[in-house]
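See below for model.txt, which holds compact mmCIF, C-alpha atoms.
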```txt
# COMPACT_ATOMS: atom_id res chain seq x y z
CA MET X 293 86.30 61.48 -275.39
CA PRO X 294 85.38 61.71 -279.10
CA GLY X 295 88.25 61.29 -281.54
CA LEU X 296 90.76 59.91 -279.04
CA SER X 297 91.15 56.18 -278.58
CA ASN X 298 93.80 54.04 -276.97
CA THR X 299 95.20 50.52 -276.84
CA ILE X 300 96.02 50.45 -273.13
CA ARG X 301 93.82 47.43 -272.42
CA GLU X 302 95.54 45.39 -275.15
CA LEU X 303 99.02 46.53 -274.09
CA ARG X 304 98.24 45.66 -270.48
CA ALA X 305 96.86 42.26 -271.42
CA GLY X 306 100.00 41.53 -273.44
CA ARG X 307 102.15 42.20 -270.39
CA GLU X 308 99.72 40.59 -267.91
CA MET X 309 99.59 43.87 -266.05
CA THR X 310 96.65 44.84 -263.82
CA GLN X 311 95.03 48.26 -263.83
CA GLN X 312 96.37 48.85 -260.33
CA GLU X 313 99.93 47.99 -261.39
CA LEU X 314 99.72 50.39 -264.31
CA ALA X 315 98.22 53.08 -262.07
CA ASP X 316 101.06 52.68 -259.56
CA ALA X 317 103.69 52.82 -262.32
CA VAL X 318 102.19 55.97 -263.83
CA GLY X 319 101.33 57.67 -260.54
CA VAL X 320 97.57 57.94 -260.94
CA THR X 321 94.60 56.19 -259.32
CA ARG X 322 93.14 52.93 -260.64
CA GLN X 323 89.90 54.83 -261.35
CA THR X 324 91.79 57.15 -263.67
CA VAL X 325 93.25 54.20 -265.58
CA ILE X 326 89.72 52.77 -265.92
CA ALA X 327 88.40 56.13 -267.19
CA ILE X 328 91.24 56.40 -269.73
CA GLU X 329 90.72 52.84 -270.96
CA LEU X 330 87.01 53.53 -271.46
CA ASP X 331 87.86 56.71 -273.44
CA LYS X 332 85.92 58.74 -270.88
CA TYR X 333 88.89 60.79 -269.80
CA SER X 334 91.65 62.31 -271.89
CA PRO X 335 94.90 62.29 -269.88
CA SER X 336 97.35 65.16 -269.83
CA LEU X 337 100.30 64.99 -272.21
CA GLU X 338 102.61 64.20 -269.31
CA THR X 339 100.50 61.24 -268.15
CA ALA X 340 100.16 60.01 -271.73
CA PHE X 341 103.94 59.99 -272.13
CA ARG X 342 104.35 58.22 -268.78
CA ILE X 343 101.90 55.49 -269.88
CA ALA X 344 103.80 55.00 -273.15
CA ARG X 345 107.08 54.85 -271.25
CA VAL X 346 105.73 52.15 -268.89
CA PHE X 347 104.86 50.00 -271.90
CA GLY X 348 108.10 50.92 -273.68
CA VAL X 349 106.34 51.94 -276.88
CA PRO X 350 105.95 55.24 -278.79
CA LEU X 351 103.06 57.51 -277.78
CA GLU X 352 101.19 57.00 -281.05
CA GLN X 353 101.08 53.27 -280.41
CA VAL X 354 99.13 53.90 -277.20
CA PHE X 355 96.93 56.83 -278.22
CA GLN X 356 95.29 57.44 -281.58
CA TYR X 357 93.54 60.64 -282.59
CA GLU X 358 90.87 60.23 -285.24
CA GLY X 359 89.10 63.56 -284.91
CA LYS X 360 88.66 66.09 -287.69
CA GLY X 361 91.16 68.89 -287.94
CA LYS X 362 93.99 70.50 -289.87
CA LYS X 363 96.87 68.23 -290.82
CA MET M 283 82.52 51.03 -250.92
CA GLY M 284 85.23 48.60 -252.11
CA GLY M 285 85.52 50.03 -255.64
CA LEU M 286 85.54 53.65 -254.56
CA SER M 287 88.68 55.75 -254.53
CA TYR M 288 89.77 57.72 -251.48
CA GLN M 289 88.41 60.91 -253.02
CA GLU M 290 85.01 59.36 -253.66
CA ARG M 291 84.74 57.98 -250.14
CA SER M 292 85.70 61.38 -248.79
CA LEU M 293 83.01 63.04 -250.91
CA TRP M 294 80.31 60.60 -249.78
CA ALA M 295 81.31 61.27 -246.16
CA SER M 296 81.09 65.02 -246.76
CA LEU M 297 77.64 64.63 -248.30
CA VAL M 298 76.43 62.56 -245.35
CA ALA M 299 77.84 65.11 -242.88
CA GLU M 300 76.25 68.00 -244.79
CA LEU M 301 72.84 66.31 -244.95
CA VAL M 302 72.92 65.15 -241.32
CA VAL M 303 73.80 68.59 -239.99
CA TYR M 304 72.21 71.04 -242.42
CA LEU M 305 68.88 69.40 -243.20
CA PRO M 306 67.61 69.17 -239.60
CA TYR M 307 68.75 72.75 -239.01
CA PHE M 308 66.88 74.21 -241.96
CA PHE M 309 63.80 72.01 -241.70
CA PHE M 310 63.21 71.69 -237.95
CA HIS M 311 64.60 74.87 -236.40
CA HIS M 312 62.08 77.59 -236.87
CA GLN M 313 63.61 80.13 -234.53
CA ASN M 314 66.57 82.06 -235.86
CA SER M 315 69.47 82.37 -233.50
CA LEU M 316 73.17 83.04 -233.81
CA ASN M 317 73.89 80.30 -231.28
CA LYS M 318 72.20 77.70 -233.48
CA VAL M 319 74.22 78.81 -236.52
CA ALA M 320 77.40 78.58 -234.44
CA GLY M 321 76.31 75.16 -233.16
CA MET M 322 75.71 73.96 -236.70
CA ILE M 323 79.17 75.13 -237.85
CA PHE M 324 80.75 73.41 -234.86
CA ALA M 325 78.77 70.20 -235.56
CA ILE M 326 79.79 70.04 -239.24
CA ILE M 327 83.46 70.57 -238.37
CA VAL M 328 83.45 67.84 -235.70
CA LEU M 329 81.51 65.38 -237.87
CA GLN M 330 83.80 66.02 -240.87
CA ILE M 331 86.92 65.46 -238.77
CA ILE M 332 85.55 62.17 -237.41
CA LEU M 333 84.35 60.84 -240.79
CA GLN M 334 87.45 61.94 -242.74
CA SER M 335 89.73 60.43 -240.09
CA ILE M 336 87.92 57.08 -240.32
CA ILE M 337 88.14 57.10 -244.14
CA ALA M 338 91.82 58.03 -244.06
CA ALA M 339 92.46 55.20 -241.59
CA VAL M 340 90.71 52.52 -243.67
CA THR M 341 92.01 53.64 -247.09
CA ARG M 342 95.49 52.48 -248.00
CA GLN M 343 95.97 54.51 -251.19
CA ARG M 344 95.37 58.21 -250.71
CA ILE M 345 96.94 59.66 -253.84
CA THR M 346 95.39 62.53 -255.75
CA ASP M 347 95.93 62.80 -259.48
CA GLU M 348 95.11 65.17 -262.35
CA ARG M 349 91.61 63.72 -262.84
CA ASP M 350 90.79 64.32 -259.16
CA ARG M 351 91.87 67.94 -259.52
CA LEU M 352 89.79 68.35 -262.70
CA ILE M 353 86.70 66.93 -260.98
CA GLN M 354 87.34 69.21 -258.02
CA LEU M 355 87.33 72.18 -260.41
CA HIS M 356 84.05 70.98 -261.95
CA GLY M 357 82.55 70.95 -258.47
CA TYR M 358 83.76 74.44 -257.62
CA ARG M 359 82.47 75.79 -260.94
CA ALA M 360 79.01 74.33 -260.31
CA ALA M 361 79.05 75.70 -256.75
CA TYR M 362 80.07 79.17 -257.94
CA ILE M 363 77.29 79.31 -260.54
CA THR M 364 74.77 78.15 -257.91
CA LEU M 365 75.99 80.64 -255.32
CA ALA M 366 76.05 83.56 -257.76
CA THR M 367 72.51 82.75 -258.96
CA LEU M 368 71.17 82.41 -255.43
CA MET M 369 72.93 85.61 -254.34
CA VAL M 370 71.33 87.61 -257.14
CA CYS M 371 67.92 86.15 -256.20
CA GLY M 372 68.58 86.78 -252.50
CA LEU M 373 69.67 90.37 -253.00
CA GLY M 374 66.65 90.99 -255.21
CA MET M 375 64.43 89.51 -252.50
CA LEU M 376 66.11 91.68 -249.86
CA TRP M 377 65.65 94.80 -251.97
CA LEU M 378 61.99 93.96 -252.65
CA HIS M 379 61.35 93.19 -249.00
CA GLY M 380 63.00 96.41 -247.86
CA HIS M 381 61.04 98.38 -250.42
CA THR M 382 57.63 97.06 -249.42
CA HIS M 383 58.17 96.67 -245.66
CA GLU M 384 60.34 99.67 -244.89
CA GLY M 385 58.55 100.46 -241.61
CA GLU M 386 58.83 96.89 -240.38
CA PHE M 387 62.52 96.89 -241.24
CA LEU M 388 63.14 99.85 -238.98
CA LYS M 389 60.98 98.36 -236.19
CA HIS M 390 62.27 94.78 -236.30
CA GLY M 391 65.68 95.37 -237.85
CA SER M 392 67.55 92.74 -235.83
CA PHE M 393 64.94 90.07 -236.60
CA PHE M 394 65.24 90.70 -240.35
CA ALA M 395 69.02 90.81 -240.14
CA LEU M 396 69.04 87.38 -238.51
CA HIS M 397 66.49 86.10 -241.00
CA PHE M 398 68.59 87.16 -243.97
CA LEU M 399 71.74 85.88 -242.30
CA ASN M 400 70.02 82.49 -242.31
CA VAL M 401 68.93 82.90 -245.92
CA PHE M 402 72.45 83.70 -247.07
CA PHE M 403 73.90 80.92 -244.95
CA GLY M 404 71.39 78.60 -246.59
CA MET M 405 72.71 79.69 -249.99
CA LEU M 406 76.23 78.75 -248.94
CA VAL M 407 74.97 75.37 -247.74
CA ILE M 408 73.10 74.69 -251.00
CA SER M 409 76.20 75.63 -253.03
CA ASP M 410 78.34 73.34 -250.90
CA ILE M 411 75.93 70.42 -251.43
CA VAL M 412 75.83 71.16 -255.20
CA LYS M 413 79.66 71.06 -255.25
CA THR M 414 79.78 67.70 -253.48
CA VAL M 415 77.01 66.13 -255.60
CA THR M 416 78.60 67.42 -258.85
CA GLN M 417 81.90 65.82 -257.90
CA ILE M 418 80.24 62.50 -256.96
CA VAL M 419 78.34 62.45 -260.27
CA ALA M 420 81.56 63.23 -262.19
CA TYR M 421 83.31 60.29 -260.51
CA ARG M 422 80.34 57.98 -261.20
CA ARG M 423 80.30 59.01 -264.87
CA ALA M 424 84.01 58.13 -264.97
CA LEU M 425 84.86 61.62 -266.24
```
I need this file expressed as structure tokens, please.
Amino acid sequence: MPGLSNTIRELRAGREMTQQELADAVGVTRQTVIAIELDKYSPSLETAFRIARVFGVPLEQVFQYEGKGKK
Amino acid sequence: MGGLSYQERSLWASLVAELVVYLPYFFFHHQNSLNKVAGMIFAIIVLQIILQSIIAAVTRQRITDERDRLIQLHGYRAAYITLATLMVCGLGMLWLHGHTHEGEFLKHGSFFALHFLNVFFGMLVISDIVKTVTQIVAYRRAL
């Protein structure tokens, strides 16, 4: 997904968490976690917040938007 | 199959069932008959139940999430576009056929009705296969 990137892989690695464990905690499939990590799929706002909550960090620390647009 | 999700396995099973049942029907049955259409519908239902039951039994995690639903919508959109296009072509063909062979239509009406029933059923089958393939491709591209 152009413009949207994330640090899920790094956050997971820091907590020694597997993709399956993250998927179970968030309530999605492991394939969805893989797709999000690869920036191929942009999660819904609700899922994005759930991911941030699992890691215990603010949303903007997990997802970064670098696309062009009004500020 | 180890890395595939439940949804993907289910889609592959559907594709296999569709190809196993529909392809022989459309390629090897040259005589149109309502019984054969009914037999085909019965066969696809039975085969789907068997395959989906096996997949459900061997798959531990059977959750569906937002991405699955989005991919499902992609599939239905592709199927709708295919069906609408084929329908327009089919109706045009029917109109053209009726226009040029009006006498034959009146003489062999039931034959033509059965023929076009098959044609329209074929359109549904093609759309269904397009839906399944679109969803499989979306999963493979990690959409």
For Leu297 in chain M, list every protein, DNA or RNA residue within 10 Å, evaluated using all atoms listed in the file, and leave out those in the same chain fewer than 5 positions away; present the list as a PyMOL selection string.
chain M and resi 291-292+302-303+330+410-415+418
So what do you get for CA of Phe398 in chain M versus CA of Val319 in chain M, distance-wise?
12.5 Å
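Atom to atom, CA of Ile326 in chain M and CA of Cys371 in chain M stand 26.2 Å apart.
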Proximity check chain X to chain M, 8 Å, nearest pairs one decimal Å, all atoms listed in the file, as CSV:
```
residue,atom,partner,partner_atom,distance
X:Gly319,CA,M:Asp347,CA,7.5
X:Val320,CA,M:Asp347,CA,5.3
X:Thr321,CA,M:Asp347,CA,6.7
X:Gln323,CA,M:Ser287,CA,7.0
X:Thr324,CA,M:Arg349,CA,6.6
X:Ile326,CA,M:Ala424,CA,7.9
X:Ala327,CA,M:Ala424,CA,5.3
X:Lys332,CA,M:Leu425,CA,5.6
X:Tyr333,CA,M:Leu425,CA,5.4
X:Pro335,CA,M:Arg349,CA,7.9
X:Ser336,CA,M:Glu348,CA,7.8
```
What does the structure give for the distance between CA of Leu296 in chain X and CA of Ala340 in chain X, in Å to one decimal?
11.9 Å
Could you pull the residues within 10 Å of Leu301 in chain M, counting all atoms listed in the file, minus those fewer than 5 positions along the same chain, as JSON, numbers by chain?
{"M": [295, 296, 306, 307, 326, 407, 411]}
Go ahead and find all residues with at least one atom no further than 9 Å from (91.6, 51.1, -276.9) in the file's coordinates, using only C-alpha atoms; report them as a list of chain:residue names.
X:Ser297, X:Asn298, X:Thr299, X:Ile300, X:Arg301, X:Glu302, X:Ile328, X:Glu329, X:Leu330, X:Asp331, X:Val354, X:Phe355, X:Gln356
Using only C-alpha atoms, pick whichever of M:Gly374, M:Ile363, M:Gln334, M:His356 has the shortest atom-to-atom distance to Ala420 in chain M.
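Looking only at the distances to Ala420 in chain M, the closest residue turns out to be M:His356.
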Skip Ile408 in chain M itself and residues of its chain fewer than 5 positions away, then list as JSON, numbers by chain all residues within 12 Å of it, counting all atoms listed in the file.
{"M": [297, 300, 301, 304, 305, 308, 360, 361, 362, 363, 364, 365, 366, 367, 368, 369, 401, 402, 403, 413, 414, 415]}
Skipping near chain neighbours, those fewer than 2 positions away, what residues fall within 10 Å of Phe341 in chain X using all atoms listed in the file, listed as a ChimeraX atom specification?
/X:318,335-339,343-346,349-352,354-355
Just-selected residues, C-alpha atoms written as a short mmCIF file (atom, residue, chain, number, x, y, z; two decimals), in the coordinates of the input:
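Listing of selection17.cif after writing:
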```cif
data_model
loop_
_atom_site.label_atom_id
_atom_site.label_comp_id
_atom_site.auth_asym_id
_atom_site.auth_seq_id
_atom_site.Cartn_x
_atom_site.Cartn_y
_atom_site.Cartn_z
CA VAL X 318 102.19 55.97 -263.83
CA PRO X 335 94.90 62.29 -269.88
CA SER X 336 97.35 65.16 -269.83
CA LEU X 337 100.30 64.99 -272.21
CA GLU X 338 102.61 64.20 -269.31
CA THR X 339 100.50 61.24 -268.15
CA ILE X 343 101.90 55.49 -269.88
CA ALA X 344 103.80 55.00 -273.15
CA ARG X 345 107.08 54.85 -271.25
CA VAL X 346 105.73 52.15 -268.89
CA VAL X 349 106.34 51.94 -276.88
CA PRO X 350 105.95 55.24 -278.79
CA LEU X 351 103.06 57.51 -277.78
CA GLU X 352 101.19 57.00 -281.05
CA VAL X 354 99.13 53.90 -277.20
CA PHE X 355 96.93 56.83 -278.22
#
```
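Ranking M:Ala299, M:Leu376, M:Gln289, M:Leu352 by their shortest atom-to-atom distance to Ile323 in chain M, with only C-alpha atoms included, puts M:Ala299 first.
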